[in-house]
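**Q** Contents of data_19.cif (mmCIF, C-alpha atoms):
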```cif
data_upload
loop_
_atom_site.label_atom_id
_atom_site.label_comp_id
_atom_site.auth_asym_id
_atom_site.auth_seq_id
_atom_site.Cartn_x
_atom_site.Cartn_y
_atom_site.Cartn_z
CA MET A 924 -12.85 -22.80 3.47
CA GLN A 925 -15.01 -19.89 4.56
CA ASN A 926 -15.08 -16.41 3.07
CA LEU A 927 -12.92 -13.92 4.95
CA HIS A 928 -14.35 -10.68 6.31
CA HIS A 929 -11.94 -8.37 8.05
CA GLU A 930 -12.56 -4.67 8.64
CA GLY A 931 -13.39 -3.28 5.16
CA LEU A 932 -12.05 -6.31 3.27
CA GLU A 933 -13.90 -9.33 1.95
CA ILE A 934 -12.19 -12.30 0.29
CA ARG A 935 -14.75 -14.62 -1.26
CA VAL A 936 -13.69 -18.23 -1.65
CA ASP A 937 -14.64 -19.93 -4.90
CA LEU A 938 -14.23 -23.71 -4.96
CA GLY A 939 -16.57 -24.19 -7.91
CA THR A 940 -13.92 -25.43 -10.37
CA PRO A 941 -12.09 -28.69 -9.62
CA GLY A 942 -8.33 -28.17 -9.35
CA ARG A 943 -8.69 -24.46 -8.70
CA ILE A 944 -9.06 -22.50 -5.47
CA GLY A 945 -10.32 -19.01 -6.24
CA PHE A 946 -10.17 -15.92 -4.05
CA VAL A 947 -12.03 -12.78 -5.04
CA TRP A 948 -10.90 -9.65 -3.20
CA ASN A 949 -13.42 -6.86 -2.58
CA GLY A 950 -13.47 -3.62 -0.62
CA ARG A 951 -10.46 -2.00 1.06
CA ALA A 952 -7.56 -3.77 2.73
CA THR A 953 -6.48 -1.21 5.32
CA SER A 954 -5.84 -3.28 8.42
CA LYS A 955 -2.99 -2.31 10.75
CA GLU A 956 -1.76 -5.89 10.99
CA PRO A 957 -3.30 -7.78 8.09
CA GLY A 958 -0.80 -10.63 8.42
CA LYS A 959 -2.49 -11.75 11.65
CA VAL A 960 -5.63 -12.58 9.69
CA LEU A 961 -4.32 -13.20 6.18
CA THR A 962 -1.39 -15.49 7.03
CA PRO A 963 -3.50 -18.20 8.73
CA PHE A 964 -6.12 -17.82 5.97
CA PHE A 965 -3.49 -18.30 3.25
CA ASP A 966 -1.91 -21.18 5.18
CA ARG A 967 -5.26 -22.99 5.10
CA ALA A 968 -5.50 -22.26 1.38
CA LEU A 969 -2.04 -23.72 0.74
CA SER A 970 -2.83 -26.83 2.77
CA LEU A 971 -6.05 -27.31 0.81
CA ALA A 972 -4.19 -26.74 -2.48
CA LEU A 973 -1.66 -29.42 -1.56
CA GLU A 974 -4.35 -31.89 -0.45
CA THR A 975 -6.38 -31.46 -3.62
CA GLY A 976 -3.57 -30.80 -6.12
CA SER A 977 -5.07 -27.40 -6.94
CA TRP A 978 -3.65 -24.10 -8.06
CA ILE A 979 -4.63 -20.81 -6.43
CA GLU A 980 -6.22 -18.00 -8.41
CA MET A 981 -6.58 -14.52 -6.92
CA HIS A 982 -8.79 -11.80 -8.33
CA PHE A 983 -7.97 -8.24 -7.32
CA GLU A 984 -9.95 -6.45 -10.03
CA ASP A 985 -12.66 -5.21 -7.66
CA LEU A 986 -10.35 -4.31 -4.81
CA GLU A 987 -10.49 -0.56 -4.14
CA HIS A 988 -7.26 -0.16 -2.19
CA PHE A 989 -4.63 -2.09 -0.26
CA ASN A 990 -2.03 -0.69 2.10
CA SER A 991 1.63 -1.68 2.09
CA SER A 992 1.11 -4.00 5.07
CA THR A 993 -1.34 -6.01 2.97
CA ILE A 994 1.10 -6.02 0.04
CA ALA A 995 3.67 -7.51 2.45
CA ALA A 996 1.22 -10.27 3.43
CA VAL A 997 0.46 -11.01 -0.23
CA ILE A 998 4.08 -11.31 -1.31
CA GLN A 999 4.85 -13.51 1.70
CA PHE A 1000 1.97 -15.76 0.71
CA ILE A 1001 3.31 -16.03 -2.85
CA ASN A 1002 6.75 -16.90 -1.52
CA SER A 1003 5.18 -19.58 0.68
CA ALA A 1004 3.23 -20.96 -2.27
CA HIS A 1005 6.47 -21.18 -4.26
CA SER A 1006 8.31 -23.01 -1.54
CA ARG A 1007 5.41 -25.49 -1.32
CA HIS A 1008 5.22 -25.87 -5.12
CA VAL A 1009 1.72 -24.47 -5.51
CA ASP A 1010 0.97 -22.51 -8.69
CA VAL A 1011 -0.55 -19.06 -8.27
CA VAL A 1012 -2.37 -16.86 -10.78
CA MET A 1013 -3.07 -13.21 -10.00
CA HIS A 1014 -5.68 -11.23 -11.93
CA TYR A 1015 -5.70 -7.44 -11.67
CA ASP A 1016 -7.33 -4.48 -13.39
CA GLN A 1017 -4.76 -2.91 -15.69
CA THR A 1018 -7.00 0.10 -16.33
CA GLN A 1019 -6.62 1.21 -12.72
CA LYS A 1020 -3.30 2.99 -12.44
CA TRP A 1021 -2.66 1.96 -8.82
CA GLN A 1022 -3.25 -1.71 -9.61
CA GLN A 1023 -1.06 -1.54 -12.69
CA LEU A 1024 1.80 0.02 -10.69
CA SER A 1025 1.44 -2.33 -7.73
CA PHE A 1026 1.31 -5.52 -9.76
CA ASP A 1027 4.09 -4.44 -12.13
CA ALA A 1028 6.36 -4.11 -9.10
CA LEU A 1029 5.18 -7.39 -7.57
CA ARG A 1030 5.80 -9.20 -10.85
CA ARG A 1031 9.32 -7.78 -11.07
CA ALA A 1032 10.04 -8.57 -7.42
CA LEU A 1033 9.08 -12.21 -7.87
CA ARG A 1034 11.17 -12.98 -10.96
CA PRO A 1035 14.17 -14.34 -9.04
CA PHE A 1036 11.87 -16.53 -6.94
CA GLU A 1037 10.35 -18.06 -10.06
CA ALA A 1038 13.78 -18.97 -11.39
CA VAL A 1039 14.43 -21.32 -8.46
CA SER A 1040 11.00 -22.93 -8.19
CA THR A 1041 9.15 -25.65 -10.03
CA SER A 1042 5.84 -23.85 -9.44
CA SER A 1043 4.71 -20.88 -11.46
CA ILE A 1044 3.27 -17.48 -10.74
CA LYS A 1045 1.31 -15.71 -13.42
CA PHE A 1046 0.08 -12.14 -13.49
CA ILE A 1047 -2.88 -11.55 -15.76
CA PRO A 1048 -3.82 -7.94 -16.50
CA VAL A 1049 -7.54 -7.86 -17.12
CA PRO A 1050 -8.84 -5.31 -19.62
CA ARG A 1051 -12.15 -3.84 -18.37
CA MET D 740 -1.86 26.94 -10.73
CA ALA D 741 -3.34 29.91 -8.97
CA ASP D 742 -6.87 28.58 -9.25
CA ARG D 743 -5.78 25.32 -7.66
CA ASP D 744 -4.29 26.75 -4.45
CA PHE D 745 -5.43 24.90 -1.38
CA LEU D 746 -4.45 23.88 2.12
CA ILE D 747 -5.85 21.01 4.14
CA ASP D 748 -4.66 21.07 7.74
CA LEU D 749 -6.04 18.49 10.15
CA PRO D 750 -5.13 17.19 13.59
CA LEU D 751 -4.33 13.48 13.80
CA ARG D 752 -5.73 11.16 16.43
CA GLU D 753 -4.65 7.67 17.31
CA ARG D 754 -7.55 5.84 15.74
CA TRP D 755 -6.61 3.42 13.01
CA GLN D 756 -10.08 3.59 11.44
CA LEU D 757 -9.51 7.27 10.74
CA VAL D 758 -6.79 6.48 8.18
CA ASP D 759 -9.33 5.20 5.70
CA VAL D 760 -11.67 8.11 6.42
CA LEU D 761 -8.84 10.59 5.79
CA ARG D 762 -7.70 8.79 2.68
CA THR D 763 -11.19 8.85 1.22
CA ALA D 764 -11.76 12.50 2.16
CA VAL D 765 -8.46 13.52 0.54
CA PHE D 766 -9.30 11.57 -2.59
CA GLN D 767 -12.67 13.31 -2.91
CA SER D 768 -11.24 16.77 -2.18
CA LEU D 769 -8.39 16.48 -4.64
CA ALA D 770 -10.58 14.95 -7.33
CA VAL D 771 -12.50 18.24 -7.18
CA VAL D 772 -9.38 20.43 -7.22
CA PHE D 773 -7.61 18.62 -10.04
CA GLU D 774 -10.48 16.92 -11.85
CA ALA D 775 -8.06 14.02 -12.17
CA GLU D 776 -9.09 10.95 -10.24
CA THR D 777 -5.86 9.10 -10.92
CA PHE D 778 -3.81 11.87 -9.32
CA ALA D 779 -6.24 12.22 -6.41
CA GLU D 780 -5.92 8.48 -5.84
CA LEU D 781 -2.11 8.68 -5.73
CA VAL D 782 -2.15 11.56 -3.25
CA SER D 783 -4.67 9.75 -1.06
CA MET D 784 -2.47 6.63 -1.13
CA VAL D 785 0.48 8.76 0.01
CA VAL D 786 -1.65 10.19 2.82
CA GLY D 787 -2.72 6.70 3.88
CA GLU D 788 0.82 5.31 4.02
CA LEU D 789 2.30 8.31 5.87
CA VAL D 790 -0.52 8.53 8.42
CA GLU D 791 -0.30 4.76 9.01
CA ASN D 792 3.42 5.17 9.74
CA ALA D 793 2.68 8.04 12.13
CA LEU D 794 0.14 5.93 14.00
CA LYS D 795 2.42 2.88 14.10
CA TYR D 796 5.60 4.58 15.21
CA GLY D 797 4.45 7.80 16.92
CA ALA D 798 3.97 8.51 20.64
CA TRP D 799 0.25 8.44 21.30
CA SER D 800 -0.03 7.82 25.00
CA PRO D 801 -2.07 10.58 26.68
CA ASP D 802 0.87 11.06 29.06
CA ALA D 803 3.44 11.33 26.28
CA GLU D 804 5.37 14.55 25.87
CA PRO D 805 4.86 16.28 23.55
CA ARG D 806 1.12 15.79 23.48
CA SER D 807 -0.34 14.12 20.46
CA ALA D 808 -2.04 17.45 19.74
CA GLU D 809 1.19 18.20 17.88
CA ALA D 810 0.28 15.53 15.34
CA ARG D 811 -1.02 16.97 12.09
CA LEU D 812 -1.71 16.13 8.48
CA GLN D 813 -1.17 18.98 6.03
CA ILE D 814 -1.73 18.81 2.31
CA SER D 815 -0.99 21.89 0.30
CA SER D 816 -0.50 23.14 -3.20
CA ARG D 817 2.97 24.12 -4.35
CA PRO D 818 3.90 25.55 -7.76
CA ASN D 819 2.98 22.68 -10.10
CA ALA D 820 3.08 20.25 -7.20
CA VAL D 821 1.30 18.96 -4.12
CA GLU D 822 2.97 18.43 -0.77
CA VAL D 823 1.80 16.05 1.94
CA GLN D 824 3.29 16.63 5.37
CA VAL D 825 2.69 14.42 8.39
CA THR D 826 3.97 15.46 11.80
CA ASN D 827 3.86 13.22 14.85
CA PRO D 828 5.44 13.07 18.30
CA LEU D 829 8.18 10.47 18.69
CA PRO D 830 8.39 8.12 21.65
CA GLU D 831 11.23 9.06 24.01
CA GLY D 832 14.48 7.55 22.76
CA ALA D 833 12.88 6.25 19.57
CA SER D 834 15.25 5.41 16.76
CA THR D 835 14.60 6.88 13.34
CA ASP D 836 17.46 4.90 11.77
CA LEU D 837 15.17 2.68 9.70
CA LEU D 838 13.31 5.68 8.28
CA PHE D 839 16.48 7.50 7.23
CA SER D 840 18.12 4.35 5.88
CA MET D 841 15.05 3.75 3.68
CA LEU D 842 15.20 7.34 2.37
CA GLU D 843 18.91 6.88 1.66
CA ARG D 844 18.21 3.68 -0.25
CA ILE D 845 15.56 5.41 -2.37
CA LYS D 846 18.03 8.18 -3.15
CA LYS D 847 20.82 5.78 -4.11
CA ALA D 848 18.70 3.37 -6.16
CA ALA D 849 18.72 3.60 -9.95
CA SER D 850 14.99 4.32 -9.76
CA PRO D 851 12.29 4.38 -7.07
CA GLN D 852 10.89 1.20 -8.60
CA ASP D 853 14.24 -0.56 -8.11
CA ALA D 854 14.28 0.45 -4.44
CA TYR D 855 10.69 -0.74 -3.94
CA VAL D 856 11.21 -4.03 -5.78
CA GLU D 857 14.31 -4.77 -3.70
CA ARG D 858 12.38 -4.09 -0.49
CA LEU D 859 9.52 -6.31 -1.68
CA ARG D 860 12.03 -9.15 -2.13
CA GLU D 861 13.36 -8.63 1.39
CA VAL D 862 9.83 -8.62 2.78
CA ALA D 863 8.96 -11.79 0.85
CA ARG D 864 11.88 -13.60 2.47
CA ASP D 865 11.53 -12.14 5.96
CA PRO D 866 8.14 -11.22 7.45
CA ASN D 867 9.90 -9.08 10.06
CA ALA D 868 11.35 -6.83 7.37
CA ALA D 869 8.05 -5.14 6.49
CA GLY D 870 9.08 -1.70 7.88
CA GLY D 871 9.78 0.94 5.27
CA LEU D 872 7.73 -0.70 2.52
CA GLY D 873 5.17 2.12 2.59
CA LEU D 874 7.85 4.78 2.03
CA MET D 875 9.32 2.85 -0.87
CA ARG D 876 5.85 2.38 -2.30
CA ILE D 877 4.97 6.08 -2.32
CA ALA D 878 8.35 7.00 -3.80
CA TYR D 879 7.63 4.59 -6.65
CA GLU D 880 3.87 4.73 -7.24
CA ALA D 881 3.43 8.46 -6.69
CA ASN D 882 6.94 9.40 -7.83
CA CYS D 883 7.36 11.41 -4.62
CA ALA D 884 10.37 13.27 -3.38
CA ILE D 885 10.41 12.33 0.32
CA THR D 886 12.25 14.12 3.10
CA ALA D 887 12.13 13.69 6.86
CA LYS D 888 13.29 15.83 9.72
CA VAL D 889 13.43 15.29 13.46
CA GLU D 890 12.61 18.57 15.20
CA GLY D 891 13.06 18.03 18.92
CA PRO D 892 10.45 15.47 19.92
CA LEU D 893 8.61 15.68 16.60
CA LEU D 894 9.07 13.84 13.34
CA ARG D 895 8.05 15.65 10.17
CA VAL D 896 7.84 13.66 6.94
CA ARG D 897 7.19 15.46 3.66
CA ALA D 898 6.30 13.94 0.32
CA GLN D 899 6.07 16.14 -2.73
CA MET D 900 4.73 15.07 -6.11
CA ASP D 901 4.22 16.81 -9.42
CA ALA D 902 0.67 17.93 -10.08
CA PRO D 903 -0.91 17.10 -13.43
CA GLY D 904 -0.60 19.93 -15.95
CA GLU D 905 -3.60 22.10 -16.76
CA GLY D 906 -3.90 20.65 -20.24
CA ALA D 907 -3.26 17.06 -19.25
CA LEU D 908 -5.95 16.28 -16.74
CA GLY D 909 -6.71 12.61 -17.02
CA TYR D 910 -10.24 12.31 -15.72
CA THR D 911 -11.09 8.65 -15.39
CA HIS D 912 -14.24 6.96 -14.27
CA HIS D 913 -14.28 3.70 -12.33
#
```
The structure given in the file should be rewritten as C-alpha cells.
**A**
Amino acid sequence: MQNLHHEGLEIRVDLGTPGRIGFVWNGRATSKEPGKVLTPFFDRALSLALETGSWIEMHFEDLEHFNSSTIAAVIQFINSAHSRHVDVVMHYDQTQKWQQLSFDALRRALRPFEAVSTSSIKFIPVPR
Amino acid sequence: MADRDFLIDLPLRERWQLVDVLRTAVFQSLAVVFEAETFAELVSMVVGELVENALKYGAWSPDAEPRSAEARLQISSRPNAVEVQVTNPLPEGASTDLLFSMLERIKKAASPQDAYVERLREVARDPNAAGGLGLMRIAYEANCAITAKVEGPLLRVRAQMDAPGEGALGYTHH
C-alpha cells in the first residue's frame, strides 16, 4: 500500500510490524468529499488485513483537524472493519481537547457495534 | 468583556479551499482576543463546519438569485459569549427540512452528545446519512446553541457559545 496524500492530509502507511497495518495521520483533513478518496483506500487496507491476518492501527495524534465529513468516513471504515472481523486500534492525543471530545463520542457511538462483533475496536488515549 | 469586543464580518465565496483559510484565520484572531487556544480552536471548528454547510447546500451559481454576494460569515462578541453567523443564498425550491429536523433532534436529546452519538451510529450504518453530522458535532463539541432562520431566499444559521471567563483562560501550547 502507498501513502495517501489528499489536499492537506497525509496518511503514512507503516507495514514494518508483521500482523499490523499502521496508518499515521498528519495535517488537516478538510476535503469536501473525503469518502471518495478514503473509502477505496480503507477498502484496500481491509483486503490486505484479511489476506495477511493483520489488525489495523490508526494514529491520529499528529492530526491538526478533521471535518465532520472525514469523521463520517472514519466511522464507516470502522463499521466495515467490524463486519469483516478485522480488529482496529485507534490512538489519539488526549491532551488536545478536540481530539478528546471527538474520540469520546466515536467510542460511545461504536459500543453497540462491538457487542455484535467478534472483532474488537480499541481507543487508546495517548498522554503527550 | 468590554475589552474583548470584536466583530469579524467577511464575504463568502464558493471556493472550498477558503474554508481552511478562514478556519485558521479565525483560530489565530480569537487566540489573540481570548488568549485561550482551546476556545479559539472550538470557535474555528464551528466556523469550518457552518461554512462547509453553506458551500455544500447554498446557491452559488453566478446566475442565482439572490447573488452570492449575500453570503457572509460574521463572528462577534456577545456578553460572555461568541456568536458565529453564516448567511447564504438558498437554491430555488431547496428544502431545509433536514436542517430543522437536526436542530429539533438536538433540542429533544438528553444532551448534545447523545444527539451526536446517535447520528454517528446512523452514519456508520448508512453512508448516505452523513448530512447534519456537522451541526450535531458543533452542538456537542463546542456546546453551541444553534438556531436557523430562512429569510426569503437566504438561510441564516447562528451558533452561540459561552466565552471563557476572565479568570479561567486556559492557555495551552501544542
**Q** Apply the PyMOL selection byres ((chain D) within 9 of (chain A)) to the structure shown and report the selected residues as a ChimeraX atom specification.
**A** /D:755-756,758-759,777,780-781,784,787-788,791,795,852-853,855-860,862-866,869-870,872-874,876,879-880,913
**Q** Once the PyMOL selection byres ((chain D and resi 898) around 9) has been applied to the shown file, what residues remain in the selection, as a list in words?
**A**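 For this structure, the PyMOL selection byres ((chain D and resi 898) around 9) resolves to Val785, Leu789, Val821, Glu822, Val823, Gln824, Val825, Ile877, Ala878, Cys883, Ala884, Ile885, Thr886, Ala887, Val896, Arg897, Gln899 and Met900 of chain D.
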**Q** Go ahead and write the selection's residues with C-alpha atoms as a PDB file, in the coordinates of the input.
**A**
```
ATOM      1  CA  VAL D 785       0.480   8.760   0.010  1.00  0.00           C
ATOM      2  CA  LEU D 789       2.300   8.310   5.870  1.00  0.00           C
ATOM      3  CA  VAL D 821       1.300  18.960  -4.120  1.00  0.00           C
ATOM      4  CA  GLU D 822       2.970  18.430  -0.770  1.00  0.00           C
ATOM      5  CA  VAL D 823       1.800  16.050   1.940  1.00  0.00           C
ATOM      6  CA  GLN D 824       3.290  16.630   5.370  1.00  0.00           C
ATOM      7  CA  VAL D 825       2.690  14.420   8.390  1.00  0.00           C
ATOM      8  CA  ILE D 877       4.970   6.080  -2.320  1.00  0.00           C
ATOM      9  CA  ALA D 878       8.350   7.000  -3.800  1.00  0.00           C
ATOM     10  CA  CYS D 883       7.360  11.410  -4.620  1.00  0.00           C
ATOM     11  CA  ALA D 884      10.370  13.270  -3.380  1.00  0.00           C
ATOM     12  CA  ILE D 885      10.410  12.330   0.320  1.00  0.00           C
ATOM     13  CA  THR D 886      12.250  14.120   3.100  1.00  0.00           C
ATOM     14  CA  ALA D 887      12.130  13.690   6.860  1.00  0.00           C
ATOM     15  CA  VAL D 896       7.840  13.660   6.940  1.00  0.00           C
ATOM     16  CA  ARG D 897       7.190  15.460   3.660  1.00  0.00           C
ATOM     17  CA  GLN D 899       6.070  16.140  -2.730  1.00  0.00           C
ATOM     18  CA  MET D 900       4.730  15.070  -6.110  1.00  0.00           C
TER      19      MET D 900
END
```
**Q** My list of candidates is A:Leu961, A:Leu971, A:Met981, A:Leu927. Which is closest to Phe946 in chain A when distances are computed with all atoms listed in the file?
**A**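 Ranking A:Leu961, A:Leu971, A:Met981, A:Leu927 by distance to Phe946 in chain A, first place goes to A:Met981.
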**Q** If the PyMOL selection byres ((chain D and resi 811) around 10) is run on the structure shown, which residues does it catch, given as a list of chain:residue names?
**A**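 When the PyMOL selection byres ((chain D and resi 811) around 10) is applied to the shown file, the picked residues are D:Asp748, D:Leu749, D:Pro750, D:Leu751, D:Arg752, D:Val790, D:Ala793, D:Ser807, D:Ala808, D:Glu809, D:Ala810, D:Leu812, D:Gln813, D:Ile814, D:Gln824, D:Val825, D:Thr826, D:Asn827, D:Pro828, D:Arg895.
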**Q** Using only C-alpha atoms for the distances, tell me which of A:Thr962, A:Asn926, A:Gln1017, A:Thr940 is nearest to Trp978 in chain A.
**A**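 Of the candidates, the smallest distance to Trp978 in chain A is held by A:Thr940.
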**Q** Between D:Pro851, D:Gly832, D:Gly904, D:Gly797, which has the minimum distance to Asn882 in chain D (counting all atoms listed in the file)?
**A**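 Ranked by minimum distance to Asn882 in chain D, first place goes to D:Pro851.
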**Q** Excluding range 1040-1046 of chain A and its own-chain neighbours fewer than 2 positions away, which residues fall within 6 Å of it when counting all atoms listed in the file? Please give them as a list in words.
**A**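 Neighbouring residues, sequence-local ones excluded: His1005, His1008, Val1009, Asp1010, Val1011, Val1012, Met1013, Glu1037 and Ala1038 of chain A.
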**Q** Near Asn949 in chain A, within 10 Å and counting all atoms listed in the file, which residues show up once chain neighbours fewer than 4 positions away are dropped, as a list in words?
**A**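 The filter keeps His928, Gly931, Leu932, Glu933, Ile934, Arg935, His982, Phe983, Glu984, Asp985, Leu986, Glu987 and His988 of chain A.
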**Q** Put those residues in a file: C-alpha atoms, as an mmCIF file, keeping the file's coordinate frame.
**A**
```cif
data_model
loop_
_atom_site.group_PDB
_atom_site.id
_atom_site.type_symbol
_atom_site.label_atom_id
_atom_site.label_comp_id
_atom_site.auth_asym_id
_atom_site.auth_seq_id
_atom_site.Cartn_x
_atom_site.Cartn_y
_atom_site.Cartn_z
ATOM 1 C CA HIS A 928 -14.350 -10.680 6.310
ATOM 2 C CA GLY A 931 -13.390 -3.280 5.160
ATOM 3 C CA LEU A 932 -12.050 -6.310 3.270
ATOM 4 C CA GLU A 933 -13.900 -9.330 1.950
ATOM 5 C CA ILE A 934 -12.190 -12.300 0.290
ATOM 6 C CA ARG A 935 -14.750 -14.620 -1.260
ATOM 7 C CA HIS A 982 -8.790 -11.800 -8.330
ATOM 8 C CA PHE A 983 -7.970 -8.240 -7.320
ATOM 9 C CA GLU A 984 -9.950 -6.450 -10.030
ATOM 10 C CA ASP A 985 -12.660 -5.210 -7.660
ATOM 11 C CA LEU A 986 -10.350 -4.310 -4.810
ATOM 12 C CA GLU A 987 -10.490 -0.560 -4.140
ATOM 13 C CA HIS A 988 -7.260 -0.160 -2.190
#
```
**Q** Between CA of Ser850 in chain D and CA of Thr993 in chain A, what is the distance in Å, rounded to a tenth?
**A** 23.1 Å
**Q** Report, in Å with one decimal, the straight-line distance from CA of Asn819 in chain D to CA of Ala902 in chain D.
**A**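 Result for CA of Asn819 in chain D versus CA of Ala902 in chain D: 5.3 Å, one decimal.
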**Q** Missing atoms in range 763-777 of chain D need filling: write out N, CA and C atoms for it as a compact mmCIF listing (two decimals), in the coordinates of the input.
**A**
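After the write, selection08.txt holds the following:
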```
# COMPACT_ATOMS: atom_id res chain seq x y z
N THR D 763 -10.04 8.65 2.08
CA THR D 763 -11.19 8.85 1.22
C THR D 763 -11.53 10.33 1.08
N ALA D 764 -11.45 11.06 2.19
CA ALA D 764 -11.76 12.50 2.16
C ALA D 764 -10.77 13.25 1.28
N VAL D 765 -9.49 12.87 1.37
CA VAL D 765 -8.46 13.52 0.54
C VAL D 765 -8.69 13.20 -0.92
N PHE D 766 -9.02 11.96 -1.20
CA PHE D 766 -9.30 11.57 -2.59
C PHE D 766 -10.43 12.44 -3.16
N GLN D 767 -11.51 12.56 -2.40
CA GLN D 767 -12.67 13.31 -2.91
C GLN D 767 -12.33 14.80 -3.07
N SER D 768 -11.60 15.35 -2.11
CA SER D 768 -11.24 16.77 -2.18
C SER D 768 -10.35 17.06 -3.38
N LEU D 769 -9.33 16.22 -3.55
CA LEU D 769 -8.39 16.48 -4.64
C LEU D 769 -8.95 16.15 -6.01
N ALA D 770 -9.91 15.23 -6.04
CA ALA D 770 -10.58 14.95 -7.33
C ALA D 770 -11.34 16.19 -7.79
N VAL D 771 -11.81 16.99 -6.83
CA VAL D 771 -12.50 18.24 -7.18
C VAL D 771 -11.48 19.29 -7.64
N VAL D 772 -10.38 19.40 -6.89
CA VAL D 772 -9.38 20.43 -7.22
C VAL D 772 -8.75 20.17 -8.59
N PHE D 773 -8.38 18.92 -8.83
CA PHE D 773 -7.61 18.62 -10.04
C PHE D 773 -8.43 17.99 -11.16
N GLU D 774 -9.66 17.62 -10.85
CA GLU D 774 -10.48 16.92 -11.85
C GLU D 774 -9.71 15.76 -12.47
N ALA D 775 -8.88 15.14 -11.68
CA ALA D 775 -8.06 14.02 -12.17
C ALA D 775 -8.08 12.94 -11.10
N GLU D 776 -8.92 11.96 -11.29
CA GLU D 776 -9.09 10.95 -10.24
C GLU D 776 -7.82 10.15 -10.01
N THR D 777 -7.08 9.89 -11.08
CA THR D 777 -5.86 9.10 -10.92
C THR D 777 -4.87 9.80 -10.00
```
